[in-house]
$ cat run28.pdb   # PDB, C-alpha atoms
ATOM      1  CA  MET G   2     -96.466-213.674-174.591
ATOM      2  CA  THR G   3     -99.603-214.521-172.672
ATOM      3  CA  ALA G   4     -99.642-217.981-174.216
ATOM      4  CA  ILE G   5     -96.010-218.611-173.347
ATOM      5  CA  VAL G   6     -96.436-217.454-169.736
ATOM      6  CA  ALA G   7     -99.631-219.469-169.365
ATOM      7  CA  ASP G   8     -97.724-222.455-170.709
ATOM      8  CA  ALA G   9     -95.494-222.337-167.676
ATOM      9  CA  VAL G  10     -98.078-221.689-164.996
ATOM     10  CA  GLY G  11     -99.884-224.453-163.207
ATOM     11  CA  PHE G  12     -97.054-226.909-162.622
ATOM     12  CA  SER G  13     -96.259-225.886-159.097
ATOM     13  CA  GLY G  14     -96.858-229.480-158.029
ATOM     14  CA  ALA G  15     -93.923-230.621-160.171
ATOM     15  CA  LEU G  16     -91.745-227.798-158.884
ATOM     16  CA  GLU G  17     -92.477-228.590-155.249
ATOM     17  CA  ARG G  18     -91.905-232.304-155.807
ATOM     18  CA  ALA G  19     -88.648-231.631-157.664
ATOM     19  CA  LYS G  20     -87.515-229.433-154.767
ATOM     20  CA  ALA G  21     -88.224-232.362-152.461
ATOM     21  CA  GLY G  22     -85.826-234.525-154.513
ATOM     22  CA  ASP G  23     -88.258-236.245-156.892
ATOM     23  CA  HIS G  24     -86.312-236.906-160.129
ATOM     24  CA  ASP G  25     -89.453-237.689-162.127
ATOM     25  CA  ALA G  26     -90.824-234.276-161.213
ATOM     26  CA  PHE G  27     -87.545-232.663-162.261
ATOM     27  CA  ALA G  28     -87.751-234.530-165.593
ATOM     28  CA  GLU G  29     -91.260-233.102-165.966
ATOM     29  CA  LEU G  30     -89.898-229.595-165.443
ATOM     30  CA  ILE G  31     -87.205-230.219-168.057
ATOM     31  CA  GLU G  32     -89.769-231.434-170.559
ATOM     32  CA  ARG G  33     -91.921-228.344-169.953
ATOM     33  CA  HIS G  34     -89.099-225.917-170.613
ATOM     34  CA  GLU G  35     -86.563-227.750-172.786
ATOM     35  CA  ALA G  36     -87.835-226.267-176.066
ATOM     36  CA  MET G  37     -87.563-222.723-174.717
ATOM     37  CA  VAL G  38     -84.065-223.193-173.284
ATOM     38  CA  TYR G  39     -82.759-225.197-176.248
ATOM     39  CA  SER G  40     -84.182-222.725-178.780
ATOM     40  CA  LEU G  41     -82.629-219.721-177.045
ATOM     41  CA  GLY G  42     -79.265-221.448-177.399
ATOM     42  CA  TYR G  43     -79.923-222.637-180.936
ATOM     43  CA  HIS G  44     -81.040-219.239-182.205
ATOM     44  CA  PHE G  45     -78.126-217.583-180.469
ATOM     45  CA  PHE G  46     -75.381-219.923-181.717
ATOM     46  CA  GLY G  47     -77.033-221.409-184.791
ATOM     47  CA  ASP G  48     -75.524-224.723-183.786
ATOM     48  CA  ARG G  49     -77.505-227.671-182.465
ATOM     49  CA  SER G  50     -74.732-229.361-180.490
ATOM     50  CA  ARG G  51     -73.769-226.050-178.895
ATOM     51  CA  ALA G  52     -77.430-225.428-178.022
ATOM     52  CA  GLU G  53     -77.741-228.882-176.461
ATOM     53  CA  GLU G  54     -74.606-228.326-174.402
ATOM     54  CA  VAL G  55     -75.806-224.953-173.102
ATOM     55  CA  ALA G  56     -79.306-226.300-172.410
ATOM     56  CA  GLN G  57     -77.903-229.257-170.424
ATOM     57  CA  ASP G  58     -75.663-226.912-168.419
ATOM     58  CA  VAL G  59     -78.639-224.661-167.656
ATOM     59  CA  PHE G  60     -80.763-227.540-166.341
ATOM     60  CA  LEU G  61     -77.840-228.863-164.329
ATOM     61  CA  GLN G  62     -77.467-225.417-162.779
ATOM     62  CA  LEU G  63     -81.219-225.391-162.141
ATOM     63  CA  TYR G  64     -80.968-228.732-160.333
ATOM     64  CA  ARG G  65     -78.300-227.322-158.021
ATOM     65  CA  ASN G  66     -80.344-224.168-157.374
ATOM     66  CA  LEU G  67     -83.854-225.605-157.132
ATOM     67  CA  GLY G  68     -84.107-224.458-153.534
ATOM     68  CA  THR G  69     -83.946-220.815-154.613
ATOM     69  CA  ILE G  70     -86.841-221.095-157.101
ATOM     70  CA  GLU G  71     -89.977-219.643-155.560
ATOM     71  CA  SER G  72     -92.674-220.274-158.165
ATOM     72  CA  ASP G  73     -93.333-221.395-161.721
ATOM     73  CA  SER G  74     -93.161-217.854-163.052
ATOM     74  CA  HIS G  75     -89.879-217.358-161.183
ATOM     75  CA  LEU G  76     -88.622-220.577-162.774
ATOM     76  CA  LEU G  77     -89.483-219.316-166.260
ATOM     77  CA  TYR G  78     -87.742-215.991-165.603
ATOM     78  CA  TRP G  79     -84.715-217.767-164.057
ATOM     79  CA  LEU G  80     -84.336-220.115-167.039
ATOM     80  CA  ARG G  81     -84.536-217.286-169.574
ATOM     81  CA  GLN G  82     -82.039-215.203-167.630
ATOM     82  CA  VAL G  83     -79.507-217.983-167.004
ATOM     83  CA  THR G  84     -79.726-219.277-170.595
ATOM     84  CA  THR G  85     -79.293-215.817-172.115
ATOM     85  CA  ARG G  86     -76.370-214.952-169.867
ATOM     86  CA  ARG G  87     -74.684-218.297-170.491
ATOM     87  CA  CYS G  88     -75.033-217.785-174.251
ATOM     88  CA  ILE G  89     -73.557-214.281-174.107
ATOM     89  CA  ASP G  90     -70.693-215.320-171.799
ATOM     90  CA  SER G  91     -69.897-218.369-173.879
ATOM     91  CA  ALA G  92     -69.918-216.389-177.122
ATOM     92  CA  ARG G  93     -67.661-213.736-175.635
ATOM     93  CA  ARG G  94     -65.220-216.379-174.429
ATOM     94  CA  THR G  95     -65.000-218.358-177.622
ATOM     95  CA  ARG G  96     -66.162-215.881-180.262
ATOM     96  CA  LEU G  97     -67.746-218.932-181.779
ATOM     97  CA  LYS G  98     -68.880-218.416-185.299
ATOM     98  CA  ALA G  99     -71.927-220.446-185.953
ATOM     99  CA  VAL G 100     -73.848-222.506-188.286
ATOM    100  CA  SER G 101     -73.044-224.903-191.048
ATOM    101  CA  LEU G 102     -75.084-224.531-194.214
ATOM    102  CA  GLU G 103     -76.525-228.026-193.788
ATOM    103  CA  ASP G 104     -77.778-227.104-190.344
ATOM    104  CA  ALA G 105     -79.424-223.943-191.620
ATOM    105  CA  GLY G 106     -80.968-225.822-194.518
ATOM    106  CA  GLU G 107     -82.359-228.439-192.159
ATOM    107  CA  LEU G 108     -84.024-225.731-190.106
ATOM    108  CA  SER G 109     -85.554-224.065-193.130
ATOM    109  CA  ALA G 110     -86.986-227.340-194.355
ATOM    110  CA  SER G 111     -88.574-228.083-191.004
ATOM    111  CA  THR G 112     -90.249-224.648-190.730
ATOM    112  CA  LYS G 113     -92.118-225.105-194.040
ATOM    113  CA  SER G 114     -91.243-221.517-194.832
ATOM    114  CA  PRO G 115     -92.730-219.816-197.877
ATOM    115  CA  ASP G 116     -89.182-218.751-198.738
ATOM    116  CA  PRO G 117     -86.494-221.105-197.369
ATOM    117  CA  PHE G 118     -83.740-219.045-198.980
ATOM    118  CA  LEU G 119     -84.906-215.876-197.201
ATOM    119  CA  ASP G 120     -85.088-217.734-193.875
ATOM    120  CA  ARG G 121     -81.575-219.070-194.261
ATOM    121  CA  ARG G 122     -80.213-215.609-195.064
ATOM    122  CA  LEU G 123     -82.152-214.074-192.185
ATOM    123  CA  ARG G 124     -80.732-216.625-189.767
ATOM    124  CA  GLN G 125     -77.269-215.883-191.037
ATOM    125  CA  TYR G 126     -77.828-212.129-190.562
ATOM    126  CA  ILE G 127     -79.096-212.703-187.002
ATOM    127  CA  GLU G 128     -75.950-214.698-186.235
ATOM    128  CA  ASP G 129     -73.834-211.838-187.569
ATOM    129  CA  LEU G 130     -75.371-209.393-185.055
ATOM    130  CA  PRO G 131     -73.341-208.439-181.950
ATOM    131  CA  GLU G 132     -74.065-210.736-178.966
ATOM    132  CA  MET G 133     -76.351-208.396-177.045
ATOM    133  CA  GLN G 134     -78.408-207.450-180.103
ATOM    134  CA  ARG G 135     -78.746-211.148-180.956
ATOM    135  CA  ALA G 136     -79.909-211.962-177.421
ATOM    136  CA  VAL G 137     -82.433-209.126-177.409
ATOM    137  CA  VAL G 138     -83.831-210.072-180.832
ATOM    138  CA  THR G 139     -84.133-213.724-179.781
ATOM    139  CA  LEU G 140     -85.933-212.863-176.541
ATOM    140  CA  ARG G 141     -88.208-210.428-178.404
ATOM    141  CA  TYR G 142     -89.244-212.715-181.256
ATOM    142  CA  GLN G 143     -88.789-216.227-179.879
ATOM    143  CA  GLU G 144     -90.212-215.524-176.416
ATOM    144  CA  ASP G 145     -92.440-212.605-177.485
ATOM    145  CA  LEU G 146     -91.162-210.454-174.603
ATOM    146  CA  ASP G 147     -91.482-206.677-174.322
ATOM    147  CA  PRO G 148     -88.368-204.515-173.830
ATOM    148  CA  SER G 149     -89.514-203.947-170.217
ATOM    149  CA  GLU G 150     -89.316-207.707-169.610
ATOM    150  CA  ILE G 151     -86.109-208.198-171.607
ATOM    151  CA  CYS G 152     -84.302-205.518-169.587
ATOM    152  CA  ARG G 153     -84.772-207.556-166.374
ATOM    153  CA  ILE G 154     -83.330-210.658-168.033
ATOM    154  CA  VAL G 155     -80.247-209.022-169.531
ATOM    155  CA  GLY G 156     -79.765-206.578-166.636
ATOM    156  CA  MET G 157     -79.840-203.375-168.708
ATOM    157  CA  PRO G 158     -81.947-200.214-168.680
ATOM    158  CA  VAL G 159     -85.054-200.489-170.831
ATOM    159  CA  ASN G 160     -83.882-197.705-173.151
ATOM    160  CA  THR G 161     -80.646-199.583-173.817
ATOM    161  CA  VAL G 162     -82.662-202.684-174.705
ATOM    162  CA  LYS G 163     -84.860-200.617-177.054
ATOM    163  CA  SER G 164     -81.757-199.181-178.629
ATOM    164  CA  HIS G 165     -80.227-202.647-179.181
ATOM    165  CA  LEU G 166     -83.480-203.846-180.693
ATOM    166  CA  HIS G 167     -83.788-200.809-182.947
ATOM    167  CA  ARG G 168     -80.214-201.137-184.194
ATOM    168  CA  ALA G 169     -80.611-204.860-184.772
ATOM    169  CA  LEU G 170     -83.796-204.404-186.809
ATOM    170  CA  GLN G 171     -82.191-201.606-188.818
ATOM    171  CA  ALA G 172     -79.181-203.787-189.608
ATOM    172  CA  LEU G 173     -81.375-206.723-190.606
ATOM    173  CA  ARG G 174     -83.594-204.527-192.823
ATOM    174  CA  ARG G 175     -80.582-203.005-194.517
ATOM    175  CA  LYS G 176     -79.106-206.414-195.322
ATOM    176  CA  LEU G 177     -82.402-207.820-196.554
ATOM    177  CA  GLU G 178     -82.943-204.797-198.801
ATOM    178  CA  LYS G 179     -79.542-205.339-200.349
ATOM    179  CA  LEU G 180     -80.436-208.966-200.886
ATOM    180  CA  SER G 181     -83.628-208.140-202.761
TER     181      SER G 181
ATOM    182  CA  MET B   9     -92.140-208.376-196.615
ATOM    183  CA  ASN B  10     -92.810-208.041-192.905
ATOM    184  CA  LEU B  11     -89.561-208.358-190.992
ATOM    185  CA  GLU B  12     -91.198-208.939-187.606
ATOM    186  CA  ASN B  13     -93.306-211.818-188.928
ATOM    187  CA  ASP B  14     -90.258-213.298-190.635
ATOM    188  CA  LEU B  15     -88.314-213.088-187.361
ATOM    189  CA  ARG B  16     -91.117-214.798-185.433
ATOM    190  CA  ARG B  17     -91.152-217.620-187.972
ATOM    191  CA  VAL B  18     -87.378-218.049-188.094
ATOM    192  CA  LEU B  19     -86.993-217.768-184.313
ATOM    193  CA  ARG B  20     -89.818-220.052-183.302
ATOM    194  CA  ARG B  21     -89.213-222.545-180.484
ATOM    195  CA  GLU B  22     -87.831-225.935-181.434
ATOM    196  CA  SER B  23     -87.565-229.100-179.400
ATOM    197  CA  PRO B  24     -84.138-230.540-178.671
ATOM    198  CA  PRO B  25     -83.303-234.011-180.014
ATOM    199  CA  ALA B  26     -85.352-236.786-178.371
ATOM    200  CA  GLY B  27     -84.199-237.968-174.945
ATOM    201  CA  PHE B  28     -82.943-234.579-173.792
ATOM    202  CA  ALA B  29     -84.390-234.855-170.262
ATOM    203  CA  GLY B  30     -82.827-238.311-169.922
ATOM    204  CA  ARG B  31     -79.410-236.959-170.900
ATOM    205  CA  VAL B  32     -79.671-234.175-168.309
ATOM    206  CA  LEU B  33     -80.690-236.686-165.618
ATOM    207  CA  GLU B  34     -77.737-238.907-166.590
ATOM    208  CA  ARG B  35     -75.388-235.982-166.031
ATOM    209  CA  ILE B  36     -77.012-235.347-162.658
ATOM    210  CA  GLU B  37     -76.561-239.017-161.757
ATOM    211  CA  ARG B  38     -72.915-238.853-162.794
ATOM    212  CA  GLU B  39     -72.309-235.996-160.358
ATOM    213  CA  PRO B  40     -73.965-237.304-157.169
ATOM    214  CA  ALA B  41     -71.060-236.436-154.931
ATOM    215  CA  ARG B  42     -71.230-232.769-155.713
ATOM    216  CA  LYS B  43     -74.078-231.844-153.418
ATOM    217  CA  PRO B  44     -72.982-233.835-150.329
ATOM    218  CA  ARG B  45     -69.426-232.591-150.818
ATOM    219  CA  ALA B  46     -70.717-229.039-150.900
ATOM    220  CA  TRP B  47     -72.610-229.750-147.692
ATOM    221  CA  TRP B  48     -69.498-231.217-146.083
ATOM    222  CA  HIS B  49     -67.466-228.225-147.158
ATOM    223  CA  ALA B  50     -70.045-225.884-145.695
ATOM    224  CA  ALA B  51     -70.233-227.914-142.467
ATOM    225  CA  ALA B  52     -66.441-228.125-142.155
ATOM    226  CA  ALA B  53     -66.114-224.401-142.799
ATOM    227  CA  SER B  54     -68.746-223.693-140.119
ATOM    228  CA  VAL B  55     -67.005-225.917-137.554
ATOM    229  CA  THR B  56     -63.622-224.342-138.312
ATOM    230  CA  LEU B  57     -65.063-220.857-138.047
ATOM    231  CA  ALA B  58     -66.784-221.724-134.752
ATOM    232  CA  ALA B  59     -63.521-223.201-133.402
ATOM    233  CA  VAL B  60     -61.519-220.146-134.427
ATOM    234  CA  LEU B  61     -64.066-217.719-132.980
ATOM    235  CA  GLY B  62     -64.468-219.820-129.821
ATOM    236  CA  GLY B  63     -60.695-220.044-129.378
ATOM    237  CA  TYR B  64     -60.320-216.334-129.859
ATOM    238  CA  GLY B  65     -63.097-215.691-127.333
ATOM    239  CA  ALA B  66     -61.479-218.029-124.773
ATOM    240  CA  TYR B  67     -58.115-216.326-125.373
ATOM    241  CA  ARG B  68     -59.677-212.902-124.748
ATOM    242  CA  VAL B  69     -61.313-214.127-121.501
ATOM    243  CA  ALA B  70     -58.025-215.661-120.298
ATOM    244  CA  GLU B  71     -56.154-212.453-121.166
ATOM    245  CA  HIS B  72     -58.719-210.430-119.235
ATOM    246  CA  ARG B  73     -58.373-212.725-116.214
ATOM    247  CA  ARG B  74     -54.574-212.530-116.378
ATOM    248  CA  GLY B  75     -54.827-208.740-116.517
ATOM    249  CA  GLU B  76     -57.137-208.669-113.508
ATOM    250  CA  PHE B  77     -54.790-210.960-111.556
ATOM    251  CA  ALA B  78     -51.745-208.801-112.398
ATOM    252  CA  LYS B  79     -53.655-205.674-111.330
ATOM    253  CA  GLU B  80     -54.548-207.313-108.043
ATOM    254  CA  GLN B  81     -50.891-208.234-107.501
ATOM    255  CA  VAL B  82     -49.715-204.687-108.209
ATOM    256  CA  LEU B  83     -52.293-203.243-105.778
ATOM    257  CA  THR B  84     -51.281-205.753-103.087
ATOM    258  CA  ALA B  85     -47.604-204.925-103.610
ATOM    259  CA  MET B  86     -48.363-201.196-103.348
ATOM    260  CA  ARG B  87     -50.431-201.753-100.208
ATOM    261  CA  ILE B  88     -47.569-203.751 -98.596
ATOM    262  CA  ALA B  89     -45.029-201.149 -99.682
ATOM    263  CA  GLY B  90     -47.243-198.402 -98.222
ATOM    264  CA  GLU B  91     -47.495-200.209 -94.914
ATOM    265  CA  LYS B  92     -43.694-200.647 -94.820
ATOM    266  CA  VAL B  93     -43.161-196.951 -95.544
ATOM    267  CA  LYS B  94     -45.670-196.016 -92.831
ATOM    268  CA  TYR B  95     -43.894-198.353 -90.365
ATOM    269  CA  ALA B  96     -40.498-196.811 -91.241
ATOM    270  CA  GLN B  97     -41.899-193.294 -90.756
ATOM    271  CA  GLU B  98     -43.269-194.242 -87.335
ATOM    272  CA  GLU B  99     -39.876-195.738 -86.361
ATOM    273  CA  VAL B 100     -38.078-192.573 -87.476
ATOM    274  CA  ARG B 101     -40.586-190.432 -85.580
ATOM    275  CA  ALA B 102     -40.074-192.634 -82.430
ATOM    276  CA  ILE B 103     -36.271-192.289 -82.606
ATOM    277  CA  GLY B 104     -36.657-188.502 -82.924
ATOM    278  CA  SER B 105     -38.851-188.287 -79.787
ATOM    279  CA  HIS B 106     -36.214-190.192 -77.738
ATOM    280  CA  ASP B 107     -33.714-187.545 -78.672
TER     281      ASP B 107
END
$ encode --input "run28.pdb" --output "structure tokens"
Amino acid sequence: MTAIVADAVGFSGALERAKAGDHDAFAELIERHEAMVYSLGYHFFGDRSRAEEVAQDVFLQLYRNLGTIESDSHLLYWLRQVTTRRCIDSARRTRLKAVSLEDAGELSASTKSPDPFLDRRLRQYIEDLPEMQRAVVTLRYQEDLDPSEICRIVGMPVNTVKSHLHRALQALRRKLEKLS
Amino acid sequence: MNLENDLRRVLRRESPPAGFAGRVLERIEREPARKPRAWWHAAAASVTLAAVLGGYGAYRVAEHRRGEFAKEQVLTAMRIAGEKVKYAQEEVRAIGSHD
């Protein structure tokens, strides 16, 4: 987590300039955080076009709310929170069922996994998790956040987050054991 | 098999397709009227609210003044009536003393 937080610190110049209306500075902020925002959407939906749509909406919302962002660490927290909540709300509205096999295969190839088949199954199992468990697992393993940090993002008590995480890992283990 | 390591690998960050920032900026450019319109809405709402509150305040002041004026009129009428009654009493008393 330290690396990811450090990655976001030290760009206050860009934030201040973006707040003053500098579009180049706002583009710089997007480029700093686009992988994080896009990946949260992609791992949640398992769908690249859906992830792009959510990520664009998040940055558009950021543009309209730049005045409320106090610092770079606040920006990072804000982006994680807004992206996660948008993903959960969108999934609840549409009950979208995700990924095509080609998309999953493409991902596996690009990760250079020792076991592409396992990765594809694991992704499928993550997508089968209930929305909140999926969000918690993504924040835990993509963003390397502790339950105490995740609970602030999803607005739940820390014990509830731990419980979601525990249940998600149990479900994933069970399915992978059956597979092997 | 280590599930946590597998999850970290599968859920690693990925970059969006090239040109993502440009596409976001294009959407921002396509919606330039949104912010000024929001400002105008806020300004118009403020002016309307100020007018309504100001009008209500002026109405309350006018009502108060009307009330004060009516009170004054009632007191004046009572004072005049009192003087008339007093005059009538004195007249009656004068007629009685002649008898």
$ resolve_selection --input "run28.pdb" --expression "the PyMOL selection byres ((chain B) within 12 of (chain G))" --output "compact mmCIF listing (two decimals) with C-alpha atoms, in the coordinates of the input"
# COMPACT_ATOMS: atom_id res chain seq x y z
CA MET B 9 -92.14 -208.38 -196.62
CA ASN B 10 -92.81 -208.04 -192.90
CA LEU B 11 -89.56 -208.36 -190.99
CA GLU B 12 -91.20 -208.94 -187.61
CA ASN B 13 -93.31 -211.82 -188.93
CA ASP B 14 -90.26 -213.30 -190.64
CA LEU B 15 -88.31 -213.09 -187.36
CA ARG B 16 -91.12 -214.80 -185.43
CA ARG B 17 -91.15 -217.62 -187.97
CA VAL B 18 -87.38 -218.05 -188.09
CA LEU B 19 -86.99 -217.77 -184.31
CA ARG B 20 -89.82 -220.05 -183.30
CA ARG B 21 -89.21 -222.54 -180.48
CA GLU B 22 -87.83 -225.94 -181.43
CA SER B 23 -87.56 -229.10 -179.40
CA PRO B 24 -84.14 -230.54 -178.67
CA PRO B 25 -83.30 -234.01 -180.01
CA ALA B 26 -85.35 -236.79 -178.37
CA GLY B 27 -84.20 -237.97 -174.94
CA PHE B 28 -82.94 -234.58 -173.79
CA ALA B 29 -84.39 -234.86 -170.26
CA GLY B 30 -82.83 -238.31 -169.92
CA ARG B 31 -79.41 -236.96 -170.90
CA VAL B 32 -79.67 -234.18 -168.31
CA LEU B 33 -80.69 -236.69 -165.62
CA GLU B 34 -77.74 -238.91 -166.59
CA ARG B 35 -75.39 -235.98 -166.03
CA ILE B 36 -77.01 -235.35 -162.66
CA GLU B 37 -76.56 -239.02 -161.76
CA ARG B 38 -72.92 -238.85 -162.79
CA GLU B 39 -72.31 -236.00 -160.36
CA PRO B 40 -73.96 -237.30 -157.17
CA ARG B 42 -71.23 -232.77 -155.71
CA LYS B 43 -74.08 -231.84 -153.42
CA PRO B 44 -72.98 -233.84 -150.33
CA ALA B 46 -70.72 -229.04 -150.90
$ residues_around --input "run28.pdb" --residues "Leu146 (chain G)" --least-positions-apart "2" --cutoff "12 Å" --atoms "all atoms listed in the file" --output "MDAnalysis selection string"
(chainID G and resid 2:6 78 81 136:144 148:154 162:163 166) or (chainID B and resid 16)
$ write_last_selection --input "run28.pdb" --atoms "C-alpha atoms" --output "tab-separated table (two decimals), in the coordinates of the input"
chain	number	residue	atom	x	y	z
G	2	MET	CA	-96.47	-213.67	-174.59
G	3	THR	CA	-99.60	-214.52	-172.67
G	4	ALA	CA	-99.64	-217.98	-174.22
G	5	ILE	CA	-96.01	-218.61	-173.35
G	6	VAL	CA	-96.44	-217.45	-169.74
G	78	TYR	CA	-87.74	-215.99	-165.60
G	81	ARG	CA	-84.54	-217.29	-169.57
G	136	ALA	CA	-79.91	-211.96	-177.42
G	137	VAL	CA	-82.43	-209.13	-177.41
G	138	VAL	CA	-83.83	-210.07	-180.83
G	139	THR	CA	-84.13	-213.72	-179.78
G	140	LEU	CA	-85.93	-212.86	-176.54
G	141	ARG	CA	-88.21	-210.43	-178.40
G	142	TYR	CA	-89.24	-212.72	-181.26
G	143	GLN	CA	-88.79	-216.23	-179.88
G	144	GLU	CA	-90.21	-215.52	-176.42
G	148	PRO	CA	-88.37	-204.52	-173.83
G	149	SER	CA	-89.51	-203.95	-170.22
G	150	GLU	CA	-89.32	-207.71	-169.61
G	151	ILE	CA	-86.11	-208.20	-171.61
G	152	CYS	CA	-84.30	-205.52	-169.59
G	153	ARG	CA	-84.77	-207.56	-166.37
G	154	ILE	CA	-83.33	-210.66	-168.03
G	162	VAL	CA	-82.66	-202.68	-174.70
G	163	LYS	CA	-84.86	-200.62	-177.05
G	166	LEU	CA	-83.48	-203.85	-180.69
B	16	ARG	CA	-91.12	-214.80	-185.43
$ atom_distance --input "run28.pdb" --atom1 "CA of Cys88 (chain G)" --atom2 "CA of Asn66 (chain G)"
18.8 Å
$ atom_distance --input "run28.pdb" --atom1 "CA of Thr84 (chain G)" --atom2 "CA of Val55 (chain G)"
7.3 Å
$ atom_distance --input "run28.pdb" --atom1 "CA of Arg122 (chain G)" --atom2 "CA of Asn160 (chain G)"
28.5 Å
